[in-house]
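K.L.:
Input: one structure, supplied below.
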Amino acid sequence: MHKENLNYKKVYLVSVVSFLLGFVDAFWIYTLSTYFSDVAGTDNVGIFYLTAFTGVFISLFYLQLLIRRIGRARTLYLALGLSILLSVLLTHLPASGLSVMIVLLFLVANSIVWVSLDILLEGFSSDGMAGRIRGLHLTIMNAGILVAPFLAVKVLDTFRFEGIFFVMSVGYMIVFLISLLGFRNDNMTFHESLKPWQTLQKMMREKNLFYIYCISFAMEFFYALMIVYTPIYLLNLGFSWDQIGIIFTIMLIPFVLLEYPLGRMADRRLGEKELLIISIMIVIFSTSLLPFIGSHNLWIWAGALFMTRVGIAGIEVLRDAYFYKQIDGDDSDVIAFFRTSRPVANIVGAGIAALALLFWSLKSVFFIIVVVMIFALIIALFLEDTESELEISR
């Protein structure tokens, strides 16, 4: 049996911190590819992401060793402190090879921040409410992301990237202070020592953990390519940053509207499997339409990208709900390894996209995403549903 240590106050505190982090991160998530492009050209953007997420993968693969030595809260403080330092440095540096190296380090620190929060949240949660807790958490986090893209492009237009990095540095300082006060008594350390390869073997033995990891990989692969290449694609179509800001704001609405209801539905009615299959099918259908949209109409693109996020929002909350019903807060090694799906997807995505763009246009990116999501759909069919477990816990 998994441990049940539900702490509503701490769950809400993690969600508040995630809201602020989501808001701050939205300032760089959709603009960073342009920063890399300004330094080295569009064709080399994938190389920077490949390098960055190789570093992220290595850090997360060995993260549980750090958490077990200094504790989960101190790991969060360390990563936040490094994020602040790097953001301040970037505020004062022009776009150059040195600044790109600092950005790459920042991406590693940022990933550790999010995984540390994941581990804290799981320690305050209960399995029977995983869908609702994760749905609420993701809704609050994505509400922060939703309100930022339009502001981000305004800051970018007015102050360029120095303004983006300044907002990041101030935002991370606020998050650090709140976390320092809120989690000062939650620095649990773990005495069991597991080597990273043992964690990998554990994931491979538990087929449901392996399957949901593969689905997570597909979702992160979608993000990896869409976040990097959608802004570039829209700029090439003639959209301005102001227009892209509006498109992205509309695009992100499903994350705020759908994730909590879907998480609640997974807990109380259907379980995750059926809803995951439907969500993946929506992503496949909507993404396959994007290469054929020749219109320069803002609302058509906003609507099309909105539909892709309807499916992705479903995958995101259901993936988390399913995964966290399989583990408990002591499984810091499994949580850290599960989150390597993001850097692995970014590494693979960057490599495949860079290779594809040598031979085809940017439209090929959308077709590649569809192929990967079809594999995710097949894997989802093999998941064991949690519905029978839910009947017992009601």
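Residue names in the structure tokens use chain letters A, B, ... in the order shown, residue numbers from 1 in each chain, and ligand numbers from 1 in the order shown.
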Could I get the residues of range 277-326 of chain A with an atom no further than 12 Å from an atom of range 330-352 of chain A, each paired with its nearest atom pair and that distance in Å to one decimal, using only C-alpha atoms, sorted by chain and residue number, as CSV?
P.N.:
```
residue,atom,partner,partner_atom,distance
A:Arg319,CA,A:Phe338,CA,10.8
A:Asp320,CA,A:Phe338,CA,10.1
A:Phe323,CA,A:Phe338,CA,8.7
A:Tyr324,CA,A:Ile335,CA,8.6
A:Lys325,CA,A:Asp331,CA,11.8
A:Gln326,CA,A:Asp331,CA,10.0
```
K.L.:
Those same residues - C-alpha atoms - I'd like them written as a compact mmCIF listing (two decimals), in the first residue's frame.
P.N.:
```
# COMPACT_ATOMS: atom_id res chain seq x y z
CA ARG A 319 -0.40 11.09 -16.99
CA ASP A 320 0.36 12.63 -13.59
CA PHE A 323 1.75 7.82 -12.33
CA TYR A 324 1.31 9.15 -8.80
CA LYS A 325 -1.25 6.46 -8.00
CA GLN A 326 1.53 3.91 -8.56
```
K.L.:
Restrict the calculation to only C-alpha atoms, then for each residue of range 185-243 of chain A with any atom at most 12 Å from an atom of range 353-373 of chain A give the closest atom pair and their distance in Å to one decimal, rows by chain and rising residue number, as CSV.
P.N.:
```
residue,atom,partner,partner_atom,distance
A:Cys214,CA,A:Val372,CA,10.2
A:Ile215,CA,A:Met373,CA,8.3
A:Ser216,CA,A:Met373,CA,10.4
A:Phe217,CA,A:Val372,CA,9.2
A:Ala218,CA,A:Met373,CA,5.9
A:Met219,CA,A:Met373,CA,7.7
A:Glu220,CA,A:Ile369,CA,10.3
A:Phe221,CA,A:Ile369,CA,7.3
A:Phe222,CA,A:Ile369,CA,5.9
A:Tyr223,CA,A:Ile369,CA,9.4
A:Ala224,CA,A:Ile369,CA,9.7
A:Leu225,CA,A:Val365,CA,6.9
A:Met226,CA,A:Phe366,CA,8.1
A:Ile227,CA,A:Val365,CA,11.3
A:Val228,CA,A:Ala353,CA,10.1
A:Tyr229,CA,A:Leu362,CA,7.6
A:Thr230,CA,A:Leu362,CA,9.1
A:Pro231,CA,A:Leu362,CA,11.2
A:Ile232,CA,A:Leu362,CA,8.8
A:Tyr233,CA,A:Leu362,CA,6.8
A:Leu234,CA,A:Leu362,CA,10.4
A:Leu235,CA,A:Leu362,CA,11.8
A:Asn236,CA,A:Leu362,CA,9.7
A:Leu237,CA,A:Leu362,CA,11.1
```
K.L.:
For Met129 in chain A, which residue out of A:Glu384, A:Asp157, A:Glu274, A:Asp267 is the nearest one, using only C-alpha atoms?
P.N.:
A:Asp267
K.L.:
Using only C-alpha atoms, find each residue of range 153-186 of chain A with at least one atom at most 6 Å away from an atom of range 68-92 of chain A; report its shortest atom-to-atom pair and that distance in Å (one decimal), sort the rows by chain and rising residue number, and return the result as a Markdown table.
P.N.:
```
| residue | atom | partner | partner_atom | distance |
| --- | --- | --- | --- | --- |
| A:Glu162 | CA | A:Thr91 | CA | 4.8 |
| A:Phe165 | CA | A:Thr91 | CA | 5.2 |
| A:Phe166 | CA | A:Thr91 | CA | 5.6 |
| A:Ser169 | CA | A:Ser87 | CA | 5.0 |
| A:Tyr172 | CA | A:Ile84 | CA | 5.8 |
```
K.L.:
Could you dump the residues just selected with N, CA and C atoms as a PDB file, in the first residue's frame?
P.N.:
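Result file result.pdb:
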```pdb
ATOM      1  N   GLU A 162      16.847  41.556 -22.250  1.00  0.00           N
ATOM      2  CA  GLU A 162      17.265  42.031 -20.934  1.00  0.00           C
ATOM      3  C   GLU A 162      16.054  42.171 -20.011  1.00  0.00           C
ATOM      4  N   PHE A 165      14.870  38.598 -18.843  1.00  0.00           N
ATOM      5  CA  PHE A 165      15.722  38.038 -17.803  1.00  0.00           C
ATOM      6  C   PHE A 165      15.562  38.795 -16.478  1.00  0.00           C
ATOM      7  N   PHE A 166      15.268  40.091 -16.552  1.00  0.00           N
ATOM      8  CA  PHE A 166      15.038  40.865 -15.324  1.00  0.00           C
ATOM      9  C   PHE A 166      13.776  40.377 -14.616  1.00  0.00           C
ATOM     10  N   SER A 169      14.544  37.093 -12.905  1.00  0.00           N
ATOM     11  CA  SER A 169      15.343  37.193 -11.683  1.00  0.00           C
ATOM     12  C   SER A 169      14.502  37.656 -10.506  1.00  0.00           C
ATOM     13  N   TYR A 172      12.004  34.736  -9.527  1.00  0.00           N
ATOM     14  CA  TYR A 172      12.631  33.633  -8.796  1.00  0.00           C
ATOM     15  C   TYR A 172      13.018  34.042  -7.376  1.00  0.00           C
TER      16      TYR A 172
END
```
K.L.:
List the neighbours of Leu136 in chain A out to 12 Å using only C-alpha atoms; skip same-chain residues closer than 3 positions along the sequence, and give me the result as an MDAnalysis selection string.
P.N.:
chainID A and resid 8 11:16 18:19 121 129:133 139:143 255:264 317 320:321
K.L.:
When you draw a straight line from CA of Phe23 in chain A to CA of Gly163 in chain A, how long is it in Å?
P.N.:
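Value for the CA of Phe23 in chain A-CA of Gly163 in chain A distance: 14.7 Å.
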